[in-house]
file query06.cif (mmCIF, N, CA and C atoms)
data_query
loop_
_atom_site.label_atom_id
_atom_site.label_comp_id
_atom_site.auth_asym_id
_atom_site.auth_seq_id
_atom_site.Cartn_x
_atom_site.Cartn_y
_atom_site.Cartn_z
N MET A 622 -12.98 -12.22 -30.40
CA MET A 622 -13.55 -10.88 -30.35
C MET A 622 -13.44 -10.32 -28.93
N LEU A 623 -13.16 -9.05 -28.86
CA LEU A 623 -13.00 -8.40 -27.56
C LEU A 623 -14.35 -8.08 -26.94
N ASN A 624 -14.42 -8.31 -25.66
CA ASN A 624 -15.62 -7.97 -24.91
C ASN A 624 -15.37 -6.58 -24.29
N GLN A 625 -16.15 -5.59 -24.73
CA GLN A 625 -15.95 -4.20 -24.32
C GLN A 625 -16.11 -4.02 -22.81
N GLU A 626 -17.09 -4.68 -22.24
CA GLU A 626 -17.34 -4.54 -20.80
C GLU A 626 -16.18 -5.13 -20.00
N ARG A 627 -15.66 -6.27 -20.44
CA ARG A 627 -14.55 -6.90 -19.75
C ARG A 627 -13.29 -6.05 -19.84
N VAL A 628 -13.06 -5.43 -20.97
CA VAL A 628 -11.90 -4.56 -21.14
C VAL A 628 -12.00 -3.36 -20.19
N CYS A 629 -13.19 -2.79 -20.07
CA CYS A 629 -13.38 -1.65 -19.15
C CYS A 629 -13.11 -2.06 -17.71
N GLU A 630 -13.62 -3.23 -17.32
CA GLU A 630 -13.40 -3.70 -15.95
C GLU A 630 -11.92 -3.98 -15.70
N MET A 631 -11.26 -4.59 -16.65
CA MET A 631 -9.84 -4.89 -16.49
C MET A 631 -9.00 -3.60 -16.45
N THR A 632 -9.44 -2.59 -17.17
CA THR A 632 -8.75 -1.29 -17.13
C THR A 632 -8.88 -0.67 -15.74
N LYS A 633 -10.08 -0.77 -15.16
CA LYS A 633 -10.28 -0.25 -13.80
C LYS A 633 -9.40 -0.99 -12.80
N LEU A 634 -9.27 -2.29 -12.98
CA LEU A 634 -8.40 -3.08 -12.10
C LEU A 634 -6.94 -2.66 -12.24
N ALA A 635 -6.50 -2.45 -13.47
CA ALA A 635 -5.12 -2.05 -13.71
C ALA A 635 -4.83 -0.66 -13.12
N ILE A 636 -5.79 0.24 -13.26
CA ILE A 636 -5.62 1.59 -12.71
C ILE A 636 -5.51 1.52 -11.19
N PHE A 637 -6.36 0.70 -10.58
CA PHE A 637 -6.31 0.55 -9.13
C PHE A 637 -4.95 -0.02 -8.70
N ASP A 638 -4.49 -1.06 -9.39
CA ASP A 638 -3.21 -1.67 -9.04
C ASP A 638 -2.07 -0.67 -9.13
N ARG A 639 -2.10 0.16 -10.16
CA ARG A 639 -1.01 1.11 -10.37
C ARG A 639 -1.07 2.26 -9.37
N ASN A 640 -2.25 2.79 -9.11
CA ASN A 640 -2.38 3.99 -8.28
C ASN A 640 -2.52 3.70 -6.79
N GLU A 641 -3.44 2.83 -6.43
CA GLU A 641 -3.79 2.66 -5.02
C GLU A 641 -3.47 1.28 -4.48
N GLY A 642 -2.95 0.41 -5.28
CA GLY A 642 -2.70 -0.95 -4.86
C GLY A 642 -1.71 -1.06 -3.71
N GLN A 643 -0.59 -0.34 -3.79
CA GLN A 643 0.41 -0.40 -2.72
C GLN A 643 -0.10 0.27 -1.44
N GLU A 644 -0.93 1.28 -1.61
CA GLU A 644 -1.49 1.98 -0.47
C GLU A 644 -2.43 1.07 0.33
N CYS A 645 -3.17 0.23 -0.37
CA CYS A 645 -4.16 -0.63 0.27
C CYS A 645 -3.61 -1.99 0.68
N LYS A 646 -2.36 -2.25 0.37
CA LYS A 646 -1.77 -3.56 0.68
C LYS A 646 -1.79 -3.87 2.18
N PRO A 647 -1.41 -2.94 3.07
CA PRO A 647 -1.48 -3.26 4.51
C PRO A 647 -2.90 -3.53 4.99
N VAL A 648 -3.88 -2.94 4.35
CA VAL A 648 -5.27 -3.15 4.73
C VAL A 648 -5.67 -4.61 4.50
N ILE A 649 -5.15 -5.20 3.45
CA ILE A 649 -5.45 -6.59 3.13
C ILE A 649 -4.70 -7.52 4.07
N GLN A 650 -3.49 -7.16 4.46
CA GLN A 650 -2.64 -8.04 5.23
C GLN A 650 -2.99 -8.11 6.72
N TYR A 651 -3.60 -7.07 7.28
CA TYR A 651 -3.83 -7.01 8.72
C TYR A 651 -5.30 -6.84 9.05
N PHE A 652 -5.67 -7.32 10.23
CA PHE A 652 -6.97 -6.98 10.79
C PHE A 652 -6.88 -5.54 11.28
N ARG A 653 -8.05 -4.93 11.50
CA ARG A 653 -8.09 -3.52 11.89
C ARG A 653 -7.25 -3.25 13.14
N LYS A 654 -7.47 -4.03 14.21
CA LYS A 654 -6.76 -3.73 15.46
C LYS A 654 -5.26 -3.98 15.32
N ASP A 655 -4.85 -4.97 14.53
CA ASP A 655 -3.43 -5.21 14.32
C ASP A 655 -2.78 -4.08 13.53
N TYR A 656 -3.49 -3.60 12.50
CA TYR A 656 -2.98 -2.50 11.68
C TYR A 656 -2.81 -1.24 12.53
N ILE A 657 -3.82 -0.93 13.33
CA ILE A 657 -3.77 0.28 14.15
C ILE A 657 -2.72 0.13 15.25
N ALA A 658 -2.62 -1.07 15.85
CA ALA A 658 -1.61 -1.29 16.90
C ALA A 658 -0.20 -1.14 16.35
N ARG A 659 0.03 -1.63 15.14
CA ARG A 659 1.34 -1.49 14.50
C ARG A 659 1.69 -0.03 14.29
N GLU A 660 0.73 0.75 13.81
CA GLU A 660 0.98 2.17 13.58
C GLU A 660 1.13 2.94 14.89
N LEU A 661 0.39 2.54 15.93
CA LEU A 661 0.54 3.18 17.23
C LEU A 661 1.92 2.91 17.81
N LEU A 662 2.42 1.70 17.65
CA LEU A 662 3.75 1.38 18.14
C LEU A 662 4.81 2.20 17.42
N LYS A 663 4.70 2.31 16.09
CA LYS A 663 5.65 3.13 15.34
C LYS A 663 5.57 4.59 15.78
N SER A 664 4.36 5.09 16.00
CA SER A 664 4.19 6.48 16.43
C SER A 664 4.73 6.69 17.83
N PHE A 665 4.56 5.71 18.71
CA PHE A 665 5.08 5.82 20.08
C PHE A 665 6.60 5.95 20.05
N ILE A 666 7.24 5.12 19.27
CA ILE A 666 8.71 5.16 19.20
C ILE A 666 9.17 6.48 18.58
N ALA A 667 8.54 6.88 17.49
CA ALA A 667 8.93 8.13 16.83
C ALA A 667 8.64 9.34 17.73
N GLY A 668 7.51 9.33 18.42
CA GLY A 668 7.17 10.44 19.31
C GLY A 668 8.12 10.54 20.49
N THR A 669 8.52 9.39 21.04
CA THR A 669 9.46 9.39 22.16
C THR A 669 10.81 9.95 21.73
N ILE A 670 11.27 9.53 20.57
CA ILE A 670 12.55 10.04 20.06
C ILE A 670 12.45 11.54 19.80
N ALA A 671 11.35 11.97 19.20
CA ALA A 671 11.18 13.39 18.89
C ALA A 671 11.13 14.24 20.16
N LEU A 672 10.40 13.77 21.16
CA LEU A 672 10.33 14.54 22.42
C LEU A 672 11.66 14.55 23.15
N ALA A 673 12.41 13.45 23.08
CA ALA A 673 13.74 13.42 23.71
C ALA A 673 14.68 14.40 23.02
N LEU A 674 14.64 14.43 21.70
CA LEU A 674 15.48 15.39 20.96
C LEU A 674 15.06 16.83 21.26
N LEU A 675 13.76 17.07 21.35
CA LEU A 675 13.27 18.41 21.66
C LEU A 675 13.72 18.83 23.07
N ALA A 676 13.60 17.91 24.03
CA ALA A 676 14.02 18.21 25.40
C ALA A 676 15.52 18.48 25.45
N ALA A 677 16.30 17.70 24.71
CA ALA A 677 17.75 17.92 24.67
C ALA A 677 18.08 19.27 24.05
N ALA A 678 17.40 19.64 22.99
CA ALA A 678 17.66 20.92 22.33
C ALA A 678 17.29 22.08 23.24
N VAL A 679 16.15 21.98 23.91
CA VAL A 679 15.74 23.05 24.83
C VAL A 679 16.71 23.12 26.00
N GLY A 680 17.13 21.95 26.51
CA GLY A 680 18.10 21.93 27.61
C GLY A 680 19.41 22.57 27.23
N LEU A 681 19.89 22.29 26.03
CA LEU A 681 21.13 22.91 25.57
C LEU A 681 20.98 24.41 25.36
N TYR A 682 19.81 24.82 24.88
CA TYR A 682 19.58 26.25 24.64
C TYR A 682 19.60 27.03 25.95
N TYR A 683 18.98 26.46 26.98
CA TYR A 683 18.90 27.14 28.28
C TYR A 683 19.94 26.61 29.27
N MET A 684 21.03 26.06 28.80
CA MET A 684 22.04 25.44 29.66
C MET A 684 22.61 26.43 30.68
N GLU A 685 22.88 27.65 30.24
CA GLU A 685 23.47 28.64 31.15
C GLU A 685 22.51 28.97 32.30
N ASP A 686 21.25 29.18 31.98
CA ASP A 686 20.26 29.47 33.02
C ASP A 686 20.08 28.28 33.95
N LEU A 687 20.11 27.07 33.39
CA LEU A 687 19.97 25.87 34.22
C LEU A 687 21.14 25.72 35.18
N MET A 688 22.33 26.00 34.72
CA MET A 688 23.52 25.89 35.58
C MET A 688 23.49 26.92 36.71
N GLU A 689 22.98 28.11 36.43
CA GLU A 689 22.89 29.15 37.46
C GLU A 689 21.87 28.79 38.53
N GLN A 690 20.78 28.13 38.14
CA GLN A 690 19.70 27.84 39.09
C GLN A 690 19.74 26.40 39.60
N LEU A 691 20.79 25.68 39.33
CA LEU A 691 20.87 24.27 39.70
C LEU A 691 20.77 24.05 41.20
N ASN A 692 21.37 24.94 41.99
CA ASN A 692 21.37 24.77 43.45
C ASN A 692 20.03 25.12 44.09
N VAL A 693 19.29 26.03 43.50
CA VAL A 693 18.02 26.45 44.11
C VAL A 693 16.81 25.75 43.47
N MET A 694 17.03 25.04 42.39
CA MET A 694 15.93 24.41 41.67
C MET A 694 15.55 23.08 42.34
N ASP A 695 14.25 22.80 42.38
CA ASP A 695 13.76 21.52 42.89
C ASP A 695 13.77 20.52 41.72
N ILE A 696 14.76 19.65 41.73
CA ILE A 696 14.97 18.73 40.61
C ILE A 696 13.81 17.73 40.53
N ARG A 697 13.32 17.27 41.66
CA ARG A 697 12.22 16.31 41.67
C ARG A 697 10.98 16.90 41.00
N GLN A 698 10.67 18.13 41.29
CA GLN A 698 9.52 18.79 40.68
C GLN A 698 9.73 18.98 39.18
N ALA A 699 10.94 19.31 38.76
CA ALA A 699 11.23 19.48 37.33
C ALA A 699 11.07 18.16 36.59
N VAL A 700 11.52 17.06 37.21
CA VAL A 700 11.39 15.74 36.58
C VAL A 700 9.92 15.34 36.48
N VAL A 701 9.16 15.60 37.54
CA VAL A 701 7.73 15.26 37.51
C VAL A 701 7.01 16.08 36.43
N ARG A 702 7.33 17.34 36.31
CA ARG A 702 6.73 18.17 35.25
C ARG A 702 7.10 17.66 33.87
N GLY A 703 8.35 17.26 33.71
CA GLY A 703 8.80 16.72 32.43
C GLY A 703 8.06 15.44 32.08
N ILE A 704 7.90 14.56 33.05
CA ILE A 704 7.18 13.30 32.80
C ILE A 704 5.72 13.56 32.48
N LEU A 705 5.10 14.48 33.21
CA LEU A 705 3.69 14.81 32.92
C LEU A 705 3.53 15.42 31.53
N CYS A 706 4.47 16.28 31.16
CA CYS A 706 4.43 16.88 29.82
C CYS A 706 4.58 15.79 28.76
N TYR A 707 5.50 14.84 29.00
CA TYR A 707 5.70 13.72 28.06
C TYR A 707 4.42 12.90 27.93
N ILE A 708 3.78 12.58 29.06
CA ILE A 708 2.56 11.75 29.04
C ILE A 708 1.44 12.46 28.29
N VAL A 709 1.27 13.74 28.55
CA VAL A 709 0.20 14.48 27.87
C VAL A 709 0.47 14.59 26.37
N CYS A 710 1.70 14.93 26.01
CA CYS A 710 2.04 15.05 24.58
C CYS A 710 1.87 13.72 23.86
N MET A 711 2.32 12.64 24.46
CA MET A 711 2.20 11.32 23.82
C MET A 711 0.75 10.88 23.74
N ALA A 712 -0.05 11.19 24.76
CA ALA A 712 -1.46 10.81 24.72
C ALA A 712 -2.18 11.52 23.56
N VAL A 713 -1.91 12.80 23.40
CA VAL A 713 -2.52 13.55 22.30
C VAL A 713 -2.03 13.03 20.96
N TYR A 714 -0.73 12.80 20.85
CA TYR A 714 -0.15 12.31 19.60
C TYR A 714 -0.68 10.92 19.23
N LEU A 715 -0.78 10.04 20.21
CA LEU A 715 -1.29 8.69 19.94
C LEU A 715 -2.79 8.70 19.63
N LEU A 716 -3.53 9.60 20.24
CA LEU A 716 -4.96 9.73 19.91
C LEU A 716 -5.13 10.17 18.46
N ILE A 717 -4.36 11.15 18.05
CA ILE A 717 -4.42 11.61 16.66
C ILE A 717 -4.00 10.49 15.72
N THR A 718 -2.96 9.75 16.08
CA THR A 718 -2.51 8.61 15.27
C THR A 718 -3.62 7.58 15.14
N TYR A 719 -4.28 7.26 16.24
CA TYR A 719 -5.37 6.28 16.21
C TYR A 719 -6.48 6.72 15.25
N ILE A 720 -6.88 7.97 15.36
CA ILE A 720 -7.96 8.47 14.51
C ILE A 720 -7.57 8.43 13.04
N VAL A 721 -6.37 8.89 12.72
CA VAL A 721 -5.90 8.94 11.34
C VAL A 721 -5.85 7.54 10.72
N TYR A 722 -5.27 6.57 11.43
CA TYR A 722 -5.11 5.24 10.86
C TYR A 722 -6.41 4.44 10.88
N HIS A 723 -7.31 4.77 11.77
CA HIS A 723 -8.64 4.14 11.74
C HIS A 723 -9.37 4.58 10.47
N ILE A 724 -9.29 5.86 10.16
CA ILE A 724 -9.93 6.38 8.95
C ILE A 724 -9.26 5.79 7.71
N ARG A 725 -7.94 5.75 7.68
CA ARG A 725 -7.22 5.18 6.53
C ARG A 725 -7.59 3.72 6.31
N TYR A 726 -7.70 2.96 7.39
CA TYR A 726 -8.05 1.55 7.26
C TYR A 726 -9.47 1.41 6.70
N THR A 727 -10.39 2.21 7.20
CA THR A 727 -11.78 2.14 6.74
C THR A 727 -11.87 2.50 5.26
N LYS A 728 -11.21 3.56 4.85
CA LYS A 728 -11.23 3.95 3.44
C LYS A 728 -10.55 2.91 2.57
N GLY A 729 -9.44 2.37 3.03
CA GLY A 729 -8.74 1.33 2.28
C GLY A 729 -9.58 0.08 2.12
N ARG A 730 -10.32 -0.28 3.15
CA ARG A 730 -11.21 -1.44 3.08
C ARG A 730 -12.28 -1.24 2.00
N ARG A 731 -12.83 -0.04 1.96
CA ARG A 731 -13.85 0.26 0.94
C ARG A 731 -13.26 0.13 -0.46
N LYS A 732 -12.05 0.65 -0.64
CA LYS A 732 -11.40 0.56 -1.95
C LYS A 732 -11.14 -0.88 -2.34
N VAL A 733 -10.71 -1.69 -1.39
CA VAL A 733 -10.44 -3.10 -1.67
C VAL A 733 -11.74 -3.84 -2.01
N LYS A 734 -12.82 -3.50 -1.34
CA LYS A 734 -14.12 -4.12 -1.67
C LYS A 734 -14.54 -3.78 -3.09
N LYS A 735 -14.33 -2.53 -3.49
CA LYS A 735 -14.63 -2.14 -4.87
C LYS A 735 -13.77 -2.92 -5.85
N TYR A 736 -12.51 -3.08 -5.53
CA TYR A 736 -11.58 -3.84 -6.37
C TYR A 736 -12.07 -5.27 -6.54
N TYR A 737 -12.45 -5.90 -5.44
CA TYR A 737 -12.95 -7.28 -5.51
C TYR A 737 -14.26 -7.37 -6.29
N MET A 738 -15.09 -6.33 -6.20
CA MET A 738 -16.33 -6.31 -6.96
C MET A 738 -16.02 -6.31 -8.47
N HIS A 739 -15.06 -5.50 -8.88
CA HIS A 739 -14.66 -5.47 -10.29
C HIS A 739 -14.02 -6.79 -10.70
N LEU A 740 -13.25 -7.38 -9.81
CA LEU A 740 -12.61 -8.65 -10.09
C LEU A 740 -13.65 -9.76 -10.29
N LYS A 741 -14.67 -9.78 -9.47
CA LYS A 741 -15.74 -10.75 -9.62
C LYS A 741 -16.49 -10.55 -10.94
N ARG A 742 -16.67 -9.29 -11.30
CA ARG A 742 -17.36 -8.99 -12.55
C ARG A 742 -16.56 -9.51 -13.76
N VAL A 743 -15.24 -9.31 -13.72
CA VAL A 743 -14.39 -9.82 -14.81
C VAL A 743 -14.45 -11.34 -14.85
N ASN A 744 -14.40 -11.97 -13.70
CA ASN A 744 -14.48 -13.42 -13.63
C ASN A 744 -15.81 -13.92 -14.20
N ARG A 745 -16.90 -13.24 -13.85
CA ARG A 745 -18.22 -13.62 -14.36
C ARG A 745 -18.27 -13.47 -15.88
N LEU A 746 -17.69 -12.41 -16.42
CA LEU A 746 -17.68 -12.18 -17.85
C LEU A 746 -16.87 -13.28 -18.58
N TYR A 747 -15.76 -13.70 -17.97
CA TYR A 747 -14.98 -14.80 -18.54
C TYR A 747 -15.79 -16.09 -18.57
N GLN A 748 -16.49 -16.36 -17.48
CA GLN A 748 -17.29 -17.58 -17.42
C GLN A 748 -18.44 -17.56 -18.41
N GLU A 749 -19.07 -16.41 -18.59
CA GLU A 749 -20.16 -16.30 -19.56
C GLU A 749 -19.64 -16.52 -20.99
N GLU A 750 -18.43 -16.04 -21.25
CA GLU A 750 -17.85 -16.17 -22.57
C GLU A 750 -17.48 -17.64 -22.87
N GLU A 751 -17.05 -18.37 -21.86
CA GLU A 751 -16.65 -19.76 -22.05
C GLU A 751 -17.83 -20.70 -22.27
N GLN A 752 -18.98 -20.35 -21.71
CA GLN A 752 -20.14 -21.21 -21.87
C GLN A 752 -20.70 -21.07 -23.30
N PRO A 753 -21.07 -22.23 -23.88
CA PRO A 753 -21.58 -22.17 -25.25
C PRO A 753 -22.98 -21.62 -25.37
#
call {"tool": "encode", "arguments": {"input": "query06.cif", "output": "structure tokens"}}
result
Amino acid sequence: MLNQERVCEMTKLAIFDRNEGQECKPVIQYFRKDYIARELLKSFIAGTIALALLAAAVGLYYMEDLMEQLNVMDIRQAVVRGILCYIVCMAVYLLITYIVYHIRYTKGRRKVKKYYMHLKRVNRLYQEEEQP
């Protein structure tokens, strides 16, 4: 005979596995600081590439003006401004990345705890059914 409560719990588990299981997989595999550090590293690399491409595109767009002012321009000051702009942009981008992935990890942890709660309930129902 089917146990209605166990079927409901198993349905909730199946829905979680299908919808949110892959999303919460990294939460199970990593500690909080490792998960966030991994995402910060990926964001650092992607942000550096994006800013380099942006700088190259802007440089190509203003190439004629740059060539005209090359002799009178202070190259050292331009490089320092570029580095400061890079540092500020990356700091803001990495701060946003940290906040986003900290929230995602916290929410994912809550979802996994709920999943384990349902799993324990199913296990308890199986054990109750086996006992005479």
call {"tool": "atom_distance", "arguments": {"input": "query06.cif", "atom1": "atom N of Cys710 (chain A)", "atom2": "atom C of Gln698 (chain A)"}}
result
15.9 Å
call {"tool": "closest_residue", "arguments": {"input": "query06.cif", "among": "A:Val743, A:Leu691, A:Ile666, A:Ala677", "to": "Asn624 (chain A)", "atoms": "only C-alpha atoms"}}
result
A:Val743
call {"tool": "atom_distance", "arguments": {"input": "query06.cif", "atom1": "CA of Gln643 (chain A)", "atom2": "CA of Gln625 (chain A)"}}
result
27.4 Å
call {"tool": "residues_around", "arguments": {"input": "query06.cif", "residues": "Val648 (chain A)", "least_positions_apart": "6", "cutoff": "12 Å", "atoms": "only C-alpha atoms", "output": "PyMOL selection string"}}
result
chain A and resi 641-642+654-657+659+722-734
call {"tool": "closest_residue", "arguments": {"input": "query06.cif", "among": "A:Gln690, A:Asn744, A:Thr718, A:Gln650", "to": "Ser664 (chain A)", "atoms": "all atoms listed in the file"}}
result
A:Thr718
call {"tool": "atom_distance", "arguments": {"input": "query06.cif", "atom1": "atom C of Leu634 (chain A)", "atom2": "atom N of Phe652 (chain A)"}}
result
23.0 Å
call {"tool": "residues_around", "arguments": {"input": "query06.cif", "residues": "region 738-740 of chain A", "least_positions_apart": "6", "cutoff": "12 Å", "atoms": "only C-alpha atoms", "output": "ChimeraX atom specification"}}
result
/A:626-638,731-732,746-747
call {"tool": "write_last_selection", "arguments": {"input": "query06.cif", "atoms": "N, CA and C atoms", "output": "PDB file, keeping the file's coordinate frame"}}
result
ATOM      1  N   GLU A 626     -17.090  -4.680 -22.240  1.00  0.00           N
ATOM      2  CA  GLU A 626     -17.340  -4.540 -20.800  1.00  0.00           C
ATOM      3  C   GLU A 626     -16.180  -5.130 -20.000  1.00  0.00           C
ATOM      4  N   ARG A 627     -15.660  -6.270 -20.440  1.00  0.00           N
ATOM      5  CA  ARG A 627     -14.550  -6.900 -19.750  1.00  0.00           C
ATOM      6  C   ARG A 627     -13.290  -6.050 -19.840  1.00  0.00           C
ATOM      7  N   VAL A 628     -13.060  -5.430 -20.970  1.00  0.00           N
ATOM      8  CA  VAL A 628     -11.900  -4.560 -21.140  1.00  0.00           C
ATOM      9  C   VAL A 628     -12.000  -3.360 -20.190  1.00  0.00           C
ATOM     10  N   CYS A 629     -13.190  -2.790 -20.070  1.00  0.00           N
ATOM     11  CA  CYS A 629     -13.380  -1.650 -19.150  1.00  0.00           C
ATOM     12  C   CYS A 629     -13.110  -2.060 -17.710  1.00  0.00           C
ATOM     13  N   GLU A 630     -13.620  -3.230 -17.320  1.00  0.00           N
ATOM     14  CA  GLU A 630     -13.400  -3.700 -15.950  1.00  0.00           C
ATOM     15  C   GLU A 630     -11.920  -3.980 -15.700  1.00  0.00           C
ATOM     16  N   MET A 631     -11.260  -4.590 -16.650  1.00  0.00           N
ATOM     17  CA  MET A 631      -9.840  -4.890 -16.490  1.00  0.00           C
ATOM     18  C   MET A 631      -9.000  -3.600 -16.450  1.00  0.00           C
ATOM     19  N   THR A 632      -9.440  -2.590 -17.170  1.00  0.00           N
ATOM     20  CA  THR A 632      -8.750  -1.290 -17.130  1.00  0.00           C
ATOM     21  C   THR A 632      -8.880  -0.670 -15.740  1.00  0.00           C
ATOM     22  N   LYS A 633     -10.080  -0.770 -15.160  1.00  0.00           N
ATOM     23  CA  LYS A 633     -10.280  -0.250 -13.800  1.00  0.00           C
ATOM     24  C   LYS A 633      -9.400  -0.990 -12.800  1.00  0.00           C
ATOM     25  N   LEU A 634      -9.270  -2.290 -12.980  1.00  0.00           N
ATOM     26  CA  LEU A 634      -8.400  -3.080 -12.100  1.00  0.00           C
ATOM     27  C   LEU A 634      -6.940  -2.660 -12.240  1.00  0.00           C
ATOM     28  N   ALA A 635      -6.500  -2.450 -13.470  1.00  0.00           N
ATOM     29  CA  ALA A 635      -5.120  -2.050 -13.710  1.00  0.00           C
ATOM     30  C   ALA A 635      -4.830  -0.660 -13.120  1.00  0.00           C
ATOM     31  N   ILE A 636      -5.790   0.240 -13.260  1.00  0.00           N
ATOM     32  CA  ILE A 636      -5.620   1.590 -12.710  1.00  0.00           C
ATOM     33  C   ILE A 636      -5.510   1.520 -11.190  1.00  0.00           C
ATOM     34  N   PHE A 637      -6.360   0.700 -10.580  1.00  0.00           N
ATOM     35  CA  PHE A 637      -6.310   0.550  -9.130  1.00  0.00           C
ATOM     36  C   PHE A 637      -4.950  -0.020  -8.700  1.00  0.00           C
ATOM     37  N   ASP A 638      -4.490  -1.060  -9.390  1.00  0.00           N
ATOM     38  CA  ASP A 638      -3.210  -1.670  -9.040  1.00  0.00           C
ATOM     39  C   ASP A 638      -2.070  -0.670  -9.130  1.00  0.00           C
ATOM     40  N   ARG A 731     -12.830  -0.040   1.960  1.00  0.00           N
ATOM     41  CA  ARG A 731     -13.850   0.260   0.940  1.00  0.00           C
ATOM     42  C   ARG A 731     -13.260   0.130  -0.460  1.00  0.00           C
ATOM     43  N   LYS A 732     -12.050   0.650  -0.640  1.00  0.00           N
ATOM     44  CA  LYS A 732     -11.400   0.560  -1.950  1.00  0.00           C
ATOM     45  C   LYS A 732     -11.140  -0.880  -2.340  1.00  0.00           C
ATOM     46  N   LEU A 746     -17.690 -12.410 -16.420  1.00  0.00           N
ATOM     47  CA  LEU A 746     -17.680 -12.180 -17.850  1.00  0.00           C
ATOM     48  C   LEU A 746     -16.870 -13.280 -18.580  1.00  0.00           C
ATOM     49  N   TYR A 747     -15.760 -13.700 -17.970  1.00  0.00           N
ATOM     50  CA  TYR A 747     -14.980 -14.800 -18.540  1.00  0.00           C
ATOM     51  C   TYR A 747     -15.790 -16.090 -18.570  1.00  0.00           C
TER      52      TYR A 747
END
call {"tool": "build_atoms", "arguments": {"input": "query06.cif", "residues": "region 689-700 of chain A", "atoms": "N, CA, C and O atoms", "output": "PDB file, keeping the file's coordinate frame"}}
result
ATOM      1  N   GLU A 689      22.980  28.110  36.430  1.00  0.00           N
ATOM      2  CA  GLU A 689      22.890  29.150  37.460  1.00  0.00           C
ATOM      3  C   GLU A 689      21.870  28.790  38.530  1.00  0.00           C
ATOM      4  O   GLU A 689      22.059  29.096  39.703  1.00  0.00           O
ATOM      5  N   GLN A 690      20.780  28.130  38.140  1.00  0.00           N
ATOM      6  CA  GLN A 690      19.700  27.840  39.090  1.00  0.00           C
ATOM      7  C   GLN A 690      19.740  26.400  39.600  1.00  0.00           C
ATOM      8  O   GLN A 690      18.811  25.959  40.269  1.00  0.00           O
ATOM      9  N   LEU A 691      20.790  25.680  39.330  1.00  0.00           N
ATOM     10  CA  LEU A 691      20.870  24.270  39.700  1.00  0.00           C
ATOM     11  C   LEU A 691      20.770  24.050  41.200  1.00  0.00           C
ATOM     12  O   LEU A 691      20.128  23.109  41.658  1.00  0.00           O
ATOM     13  N   ASN A 692      21.370  24.940  41.990  1.00  0.00           N
ATOM     14  CA  ASN A 692      21.370  24.770  43.450  1.00  0.00           C
ATOM     15  C   ASN A 692      20.030  25.120  44.090  1.00  0.00           C
ATOM     16  O   ASN A 692      19.672  24.540  45.112  1.00  0.00           O
ATOM     17  N   VAL A 693      19.290  26.030  43.500  1.00  0.00           N
ATOM     18  CA  VAL A 693      18.020  26.450  44.110  1.00  0.00           C
ATOM     19  C   VAL A 693      16.810  25.750  43.470  1.00  0.00           C
ATOM     20  O   VAL A 693      15.705  25.836  43.995  1.00  0.00           O
ATOM     21  N   MET A 694      17.030  25.040  42.390  1.00  0.00           N
ATOM     22  CA  MET A 694      15.930  24.410  41.670  1.00  0.00           C
ATOM     23  C   MET A 694      15.550  23.080  42.340  1.00  0.00           C
ATOM     24  O   MET A 694      16.409  22.340  42.810  1.00  0.00           O
ATOM     25  N   ASP A 695      14.250  22.800  42.380  1.00  0.00           N
ATOM     26  CA  ASP A 695      13.760  21.520  42.890  1.00  0.00           C
ATOM     27  C   ASP A 695      13.770  20.520  41.720  1.00  0.00           C
ATOM     28  O   ASP A 695      12.922  20.567  40.838  1.00  0.00           O
ATOM     29  N   ILE A 696      14.760  19.650  41.730  1.00  0.00           N
ATOM     30  CA  ILE A 696      14.970  18.730  40.610  1.00  0.00           C
ATOM     31  C   ILE A 696      13.810  17.730  40.530  1.00  0.00           C
ATOM     32  O   ILE A 696      13.360  17.389  39.434  1.00  0.00           O
ATOM     33  N   ARG A 697      13.320  17.270  41.660  1.00  0.00           N
ATOM     34  CA  ARG A 697      12.220  16.310  41.670  1.00  0.00           C
ATOM     35  C   ARG A 697      10.980  16.900  41.000  1.00  0.00           C
ATOM     36  O   ARG A 697      10.324  16.242  40.195  1.00  0.00           O
ATOM     37  N   GLN A 698      10.670  18.130  41.290  1.00  0.00           N
ATOM     38  CA  GLN A 698       9.520  18.790  40.680  1.00  0.00           C
ATOM     39  C   GLN A 698       9.730  18.980  39.180  1.00  0.00           C
ATOM     40  O   GLN A 698       8.802  18.795  38.390  1.00  0.00           O
ATOM     41  N   ALA A 699      10.940  19.310  38.760  1.00  0.00           N
ATOM     42  CA  ALA A 699      11.230  19.480  37.330  1.00  0.00           C
ATOM     43  C   ALA A 699      11.070  18.160  36.590  1.00  0.00           C
ATOM     44  O   ALA A 699      10.536  18.121  35.472  1.00  0.00           O
ATOM     45  N   VAL A 700      11.520  17.060  37.210  1.00  0.00           N
ATOM     46  CA  VAL A 700      11.390  15.740  36.580  1.00  0.00           C
ATOM     47  C   VAL A 700       9.920  15.340  36.480  1.00  0.00           C
ATOM     48  O   VAL A 700       9.478  14.835  35.439  1.00  0.00           O
TER      49      VAL A 700
END
